file coords23.csv (CSV, C-alpha atoms)
chain,number,residue,atom,x,y,z
A,195,MET,CA,-58.7,-47.8,36.1
A,196,SER,CA,-62.1,-46.2,36.2
A,197,PRO,CA,-64.0,-43.7,38.4
A,198,ILE,CA,-66.6,-45.8,40.4
A,199,ALA,CA,-67.6,-49.5,39.8
A,200,ALA,CA,-70.6,-53.6,39.4
A,201,SER,CA,-74.2,-54.4,38.5
A,202,THR,CA,-76.9,-57.1,38.5
A,203,THR,CA,-78.0,-58.2,35.1
A,204,ALA,CA,-78.6,-61.9,34.9
A,205,ILE,CA,-76.8,-64.4,32.6
A,206,GLY,CA,-79.3,-66.5,30.7
A,207,GLY,CA,-80.8,-69.5,32.5
A,208,ALA,CA,-78.1,-69.3,35.2
A,209,GLY,CA,-79.3,-65.9,36.3
A,210,THR,CA,-80.8,-67.1,39.6
A,211,VAL,CA,-77.3,-68.3,40.6
A,212,TRP,CA,-74.9,-66.0,38.7
A,213,ASN,CA,-75.1,-62.4,37.7
A,214,ARG,CA,-73.1,-60.4,35.2
A,215,GLY,CA,-71.0,-58.6,37.8
A,216,HIS,CA,-70.2,-55.4,36.0
A,217,LEU,CA,-66.9,-54.0,37.0
A,218,ALA,CA,-67.5,-50.4,36.0
A,219,MET,CA,-71.1,-49.8,37.1
A,220,SER,CA,-73.5,-48.3,34.6
A,221,ASP,CA,-75.1,-46.0,37.3
A,222,HIS,CA,-71.7,-44.6,38.3
A,223,ALA,CA,-70.5,-44.1,34.7
A,224,GLN,CA,-73.6,-42.1,34.1
A,225,ARG,CA,-72.0,-39.4,36.3
A,226,ILE,CA,-69.5,-38.9,33.5
A,227,SER,CA,-71.9,-39.1,30.5
A,228,ALA,CA,-74.7,-41.2,29.0
A,229,GLU,CA,-72.1,-42.5,26.5
A,230,ALA,CA,-69.8,-43.7,29.3
A,231,SER,CA,-72.7,-45.4,30.9
A,232,CYS,CA,-73.6,-47.2,27.7
A,233,ASN,CA,-70.1,-48.3,27.2
A,234,THR,CA,-70.2,-50.3,30.4
A,235,HIS,CA,-72.5,-52.9,28.8
A,236,ASN,CA,-69.7,-54.9,27.2
A,237,PHE,CA,-68.8,-58.5,28.0
A,238,TRP,CA,-65.2,-57.4,28.9
A,239,ASN,CA,-66.6,-55.3,31.7
A,240,ALA,CA,-68.3,-58.2,33.5
A,241,SER,CA,-67.5,-61.5,35.3
A,242,PRO,CA,-69.8,-64.2,36.7
A,243,GLN,CA,-70.6,-63.1,40.2
A,244,ALA,CA,-72.9,-64.9,42.7
A,245,ALA,CA,-76.3,-63.3,42.6
A,246,ASP,CA,-76.5,-62.6,46.4
A,247,LEU,CA,-72.9,-61.2,46.5
A,248,ASN,CA,-73.6,-59.0,43.5
A,249,GLN,CA,-77.0,-57.8,44.8
A,250,GLY,CA,-75.8,-57.6,48.4
A,251,PRO,CA,-72.4,-56.6,50.0
A,252,TRP,CA,-70.9,-55.8,46.6
A,253,MET,CA,-73.7,-53.4,45.8
A,254,HIS,CA,-73.6,-51.7,49.2
A,255,LEU,CA,-69.8,-51.2,48.7
A,256,GLU,CA,-70.6,-49.5,45.4
A,257,ASN,CA,-73.1,-47.3,47.1
A,258,TYR,CA,-70.4,-46.4,49.7
A,259,SER,CA,-68.0,-45.7,46.8
A,260,ALA,CA,-70.5,-43.2,45.3
A,261,ALA,CA,-71.1,-41.5,48.6
A,262,ALA,CA,-67.3,-41.2,49.2
A,263,SER,CA,-67.0,-39.6,45.7
A,264,ASN,CA,-69.7,-37.1,46.7
A,265,LYS,CA,-67.8,-36.2,49.9
A,266,TYR,CA,-64.3,-36.1,48.4
A,267,ARG,CA,-65.4,-34.7,45.0
A,268,SER,CA,-63.9,-37.7,43.2
A,269,ILE,CA,-62.3,-41.0,43.9
A,270,TRP,CA,-60.8,-43.7,41.7
A,271,VAL,CA,-62.1,-47.3,41.8
A,272,ILE,CA,-59.9,-50.1,40.6
A,273,THR,CA,-61.6,-53.4,40.5
A,274,GLY,CA,-61.4,-56.9,38.9
A,275,PRO,CA,-61.7,-60.6,39.3
A,276,ILE,CA,-59.2,-63.0,41.0
A,277,PHE,CA,-58.5,-66.4,39.6
A,278,ASP,CA,-56.5,-68.7,41.9
A,279,PRO,CA,-54.4,-71.2,40.0
A,280,ALA,CA,-54.8,-73.8,42.7
A,281,THR,CA,-58.6,-74.1,42.4
A,282,PRO,CA,-60.5,-76.0,39.7
A,283,ARG,CA,-61.4,-73.9,36.6
A,284,LEU,CA,-65.2,-73.8,36.6
A,285,SER,CA,-67.1,-72.0,34.0
A,286,ILE,CA,-70.7,-71.1,32.9
A,287,GLY,CA,-72.1,-71.3,29.4
A,288,ASP,CA,-74.5,-73.5,27.5
A,289,ALA,CA,-73.4,-76.0,24.8
A,290,GLY,CA,-72.1,-74.1,21.7
A,291,GLU,CA,-71.4,-71.0,23.8
A,292,LEU,CA,-68.0,-69.6,24.7
A,293,PRO,CA,-67.5,-70.7,28.4
A,294,VAL,CA,-66.8,-67.9,30.9
A,295,GLU,CA,-64.6,-68.8,33.9
A,296,ILE,CA,-66.0,-68.1,37.3
A,297,PRO,CA,-63.6,-66.0,39.5
A,298,ASP,CA,-62.6,-67.2,42.9
A,299,ALA,CA,-62.8,-63.7,44.3
A,300,PHE,CA,-63.1,-60.0,43.4
A,301,PHE,CA,-61.0,-57.1,44.5
A,302,LYS,CA,-61.7,-53.4,44.7
A,303,ILE,CA,-59.4,-50.5,45.5
A,304,LEU,CA,-60.6,-47.0,46.3
A,305,VAL,CA,-58.1,-44.2,45.9
A,306,HIS,CA,-58.6,-40.7,47.2
A,307,GLU,CA,-56.1,-38.1,46.1
A,308,SER,CA,-55.7,-34.9,48.0
A,309,PRO,CA,-53.0,-32.2,48.5
A,310,SER,CA,-51.8,-34.1,51.5
A,311,GLY,CA,-51.2,-37.3,49.5
A,312,ILE,CA,-53.0,-40.5,48.6
A,313,ASP,CA,-55.3,-42.6,50.8
A,314,THR,CA,-56.5,-46.0,49.8
A,315,LEU,CA,-58.9,-48.7,50.8
A,316,ALA,CA,-58.5,-52.2,49.4
A,317,PHE,CA,-60.9,-55.1,49.6
A,318,ILE,CA,-61.1,-58.8,48.6
A,319,PHE,CA,-64.5,-60.5,48.5
A,320,GLU,CA,-64.0,-64.3,48.3
A,321,GLN,CA,-66.3,-66.2,45.9
A,322,PRO,CA,-65.6,-69.9,46.5
A,323,ASN,CA,-67.4,-72.2,44.0
A,324,ALA,CA,-67.7,-75.9,43.2
A,325,LEU,CA,-69.8,-78.3,41.2
A,326,ASP,CA,-73.1,-79.4,42.6
A,327,GLY,CA,-74.7,-82.9,42.4
A,328,GLN,CA,-75.8,-82.2,38.8
A,329,GLY,CA,-72.3,-81.0,37.7
A,330,LYS,CA,-73.3,-77.4,37.6
A,331,PRO,CA,-71.0,-74.7,39.2
A,332,VAL,CA,-72.5,-73.0,42.3
A,333,PRO,CA,-71.2,-70.7,44.9
A,334,THR,CA,-70.3,-72.5,48.2
A,335,ALA,CA,-70.6,-69.4,50.4
A,336,THR,CA,-73.7,-67.3,51.2
A,337,TRP,CA,-74.4,-63.6,51.3
A,338,VAL,CA,-77.4,-61.4,52.2
A,339,SER,CA,-78.9,-59.6,49.3
A,340,CYS,CA,-80.2,-56.1,49.6
A,341,SER,CA,-83.8,-57.3,49.2
A,342,ARG,CA,-83.5,-59.5,52.3
A,343,ALA,CA,-81.3,-57.4,54.5
A,344,ASN,CA,-84.0,-55.3,56.3
A,345,ALA,CA,-86.1,-58.4,57.1
A,346,LEU,CA,-83.1,-60.1,58.6
A,347,GLY,CA,-81.8,-57.0,60.4
A,348,HIS,CA,-78.6,-57.4,58.5
A,349,VAL,CA,-76.0,-54.5,58.5
A,350,TYR,CA,-73.4,-54.5,55.8
A,351,ASP,CA,-69.9,-54.3,57.3
A,352,HIS,CA,-66.9,-54.4,54.9
A,353,ARG,CA,-64.1,-54.3,57.5
A,354,PRO,CA,-63.5,-58.1,57.3
A,355,GLN,CA,-62.8,-57.7,53.6
A,356,LEU,CA,-60.1,-55.0,54.1
A,357,VAL,CA,-56.7,-56.1,52.9
A,358,SER,CA,-53.4,-54.5,51.7
A,359,ILE,CA,-52.9,-53.8,48.0
A,360,ALA,CA,-49.8,-56.1,48.3
A,361,GLN,CA,-52.2,-59.0,49.0
A,362,ILE,CA,-54.1,-58.1,45.8
A,363,GLU,CA,-50.9,-58.0,43.9
A,364,GLN,CA,-49.9,-61.4,45.2
A,365,ARG,CA,-53.2,-63.0,44.0
A,366,THR,CA,-53.5,-61.2,40.6
A,367,ASN,CA,-49.9,-60.6,39.5
A,368,LEU,CA,-50.9,-57.0,38.9
A,369,ARG,CA,-48.7,-54.1,39.9
A,370,PHE,CA,-50.1,-50.9,41.2
A,371,PHE,CA,-48.5,-47.4,41.7
A,372,SER,CA,-45.4,-48.6,39.8
A,373,ASP,CA,-44.3,-45.0,39.0
A,374,ARG,CA,-44.5,-43.7,42.6
A,375,ALA,CA,-41.5,-43.4,44.9
A,376,ASP,CA,-43.8,-44.2,47.9
A,377,ARG,CA,-45.2,-47.4,46.2
A,378,GLN,CA,-44.1,-49.8,48.9
A,379,GLN,CA,-45.7,-47.7,51.6
A,380,LEU,CA,-48.9,-47.5,49.6
A,381,ILE,CA,-49.2,-51.2,48.8
A,382,ASP,CA,-48.2,-52.4,52.3
A,383,ALA,CA,-50.8,-50.2,54.1
A,384,ARG,CA,-53.9,-52.0,55.3
A,385,ALA,CA,-56.8,-49.9,56.6
A,386,THR,CA,-58.7,-51.1,59.7
A,387,ALA,CA,-61.8,-48.9,59.0
A,388,LEU,CA,-63.5,-47.3,56.1
A,389,TRP,CA,-63.4,-43.6,55.5
A,390,PRO,CA,-66.2,-41.8,57.4
A,391,VAL,CA,-68.9,-40.7,55.0
A,392,GLU,CA,-71.8,-38.9,56.5
A,393,THR,CA,-75.4,-39.7,55.6
A,394,ARG,CA,-75.9,-36.5,53.6
A,395,TYR,CA,-73.4,-37.7,51.0
A,396,TRP,CA,-75.3,-40.9,50.2
A,397,ASP,CA,-78.0,-41.2,47.5
A,398,PRO,CA,-81.6,-41.1,48.8
A,399,GLY,CA,-82.5,-44.0,51.0
A,400,ASN,CA,-84.6,-45.9,48.5
A,401,ALA,CA,-81.8,-45.9,46.0
A,402,VAL,CA,-79.3,-47.5,48.4
A,403,CYS,CA,-78.9,-51.2,49.2
A,404,ALA,CA,-81.3,-52.0,52.1
A,405,ARG,CA,-81.5,-48.2,52.7
A,406,GLN,CA,-78.2,-48.5,54.7
A,407,ARG,CA,-76.8,-45.0,54.2
A,408,GLY,CA,-73.7,-45.5,56.3
A,409,HIS,CA,-71.1,-48.0,57.5
A,410,PRO,CA,-70.2,-49.3,61.0
A,411,SER,CA,-67.2,-47.4,62.4
A,412,SER,CA,-64.2,-48.9,64.1
A,413,ALA,CA,-65.7,-47.9,67.5
A,414,ASP,CA,-69.0,-49.8,66.9
call {"tool": "encode", "arguments": {"input": "coords23.csv", "output": "structure tokens"}}
result
Amino acid sequence: MSPIAASTTAIGGAGTVWNRGHLAMSDHAQRISAEASCNTHNFWNASPQAADLNQGPWMHLENYSAAASNKYRSIWVITGPIFDPATPRLSIGDAGELPVEIPDAFFKILVHESPSGIDTLAFIFEQPNALDGQGKPVPTATWVSCSRANALGHVYDHRPQLVSIAQIEQRTNLRFFSDRADRQQLIDARATALWPVETRYWDPGNAVCARQRGHPSSAD
């Protein structure tokens, strides 16, 4: 479990299709220390992530996570890959290299602790993938990258990705909040909207994905 989380460094020749999706984001770890930021650059902290997912909605959700931590003083981010046993195991890596399996999805859980209790947001971002005509693994879904969002008039909305923590447990075999008496209540809850985070808590506009310093509300 780490405070704040993913990034966009490319993987070799496959970098136009797949990125090293950092799970604990370097920029966010920099808030702790330069050493913490440096320690995010390890292979165990990354999974193959579709370039437009990594550089689009995933990045915007990271921007939102940082803004939420500014507002609430701190939040926890728990994040990782999902490998579905029923799907083909596809991997990237050139001949002679250790192959790296491509996740079928990614999850992220945001946890805000306060005197009144624990509030959570949980997300699953699907990443379906298959072999193309040349036998290379490619994503079979599309996303809008931050670099194209303004030109397309695209607004990032993460409400469709909201799930319960129980759904994440089911797909990962992980177990969260195991030492809490209210565990079942926490994992069964499914938010219908993100926490409101006002513009002033976001980083400057040019440092945010597509300069979108906000998120649609449930009333929009």
call {"tool": "residues_around", "arguments": {"input": "coords23.csv", "residues": "A:His409", "least_positions_apart": "4", "cutoff": "9 Å", "atoms": "all atoms listed in the file", "output": "MDAnalysis selection string"}}
result
chainID A and resid 258 349:352 388 390:391
call {"tool": "closest_atom_pairs", "arguments": {"input": "coords23.csv", "of": "stretch 233-269 of chain A", "to": "stretch 317-327 of chain A", "cutoff": "10 Å", "atoms": "all atoms listed in the file", "output": "Markdown table"}}
result
| residue | atom | partner | partner_atom | distance |
| --- | --- | --- | --- | --- |
| A:Gln243 | CA | A:Gln321 | CA | 7.8 |
| A:Ala244 | CA | A:Gln321 | CA | 7.4 |
| A:Leu247 | CA | A:Gln321 | CA | 8.3 |
| A:Pro251 | CA | A:Phe319 | CA | 8.9 |
| A:Trp252 | CA | A:Phe319 | CA | 8.2 |
| A:Leu255 | CA | A:Phe317 | CA | 9.8 |
call {"tool": "residues_around", "arguments": {"input": "coords23.csv", "residues": "A:His235", "least_positions_apart": "5", "cutoff": "9 Å", "atoms": "only C-alpha atoms", "output": "PyMOL selection string"}}
result
chain A and resi 216+219-220+240
call {"tool": "atom_distance", "arguments": {"input": "coords23.csv", "atom1": "atom CA of A:Gly399", "atom2": "atom CA of A:His254"}}
result
11.9 Å
call {"tool": "atom_distance", "arguments": {"input": "coords23.csv", "atom1": "atom CA of A:Cys340", "atom2": "atom CA of A:Ala245"}}
result
10.8 Å
call {"tool": "closest_residue", "arguments": {"input": "coords23.csv", "among": "A:Ala383, A:Val357, A:Met253, A:Leu368", "to": "A:Asp221", "atoms": "only C-alpha atoms"}}
result
A:Met253
call {"tool": "closest_residue", "arguments": {"input": "coords23.csv", "among": "A:Glu363, A:Asn248, A:Pro242, A:Ile303", "to": "A:Ile269", "atoms": "all atoms listed in the file"}}
result
A:Ile303
call {"tool": "atom_distance", "arguments": {"input": "coords23.csv", "atom1": "atom CA of A:Ile276", "atom2": "atom CA of A:Glu229"}}
result
28.2 Å
call {"tool": "residues_around", "arguments": {"input": "coords23.csv", "residues": "A:Pro279", "least_positions_apart": "5", "cutoff": "12 Å", "atoms": "only C-alpha atoms", "output": "list in words"}}
result
Leu284, Pro297, Asp298, Gln364, Arg365, Thr366 and Asn367 of chain A
call {"tool": "closest_residue", "arguments": {"input": "coords23.csv", "among": "A:Leu380, A:Val271, A:Cys403, A:Val294", "to": "A:Ser241", "atoms": "all atoms listed in the file"}}
result
A:Val294
call {"tool": "closest_residue", "arguments": {"input": "coords23.csv", "among": "A:Phe371, A:Trp337, A:Trp238, A:Tyr395", "to": "A:Ser263", "atoms": "only C-alpha atoms"}}
result
A:Tyr395
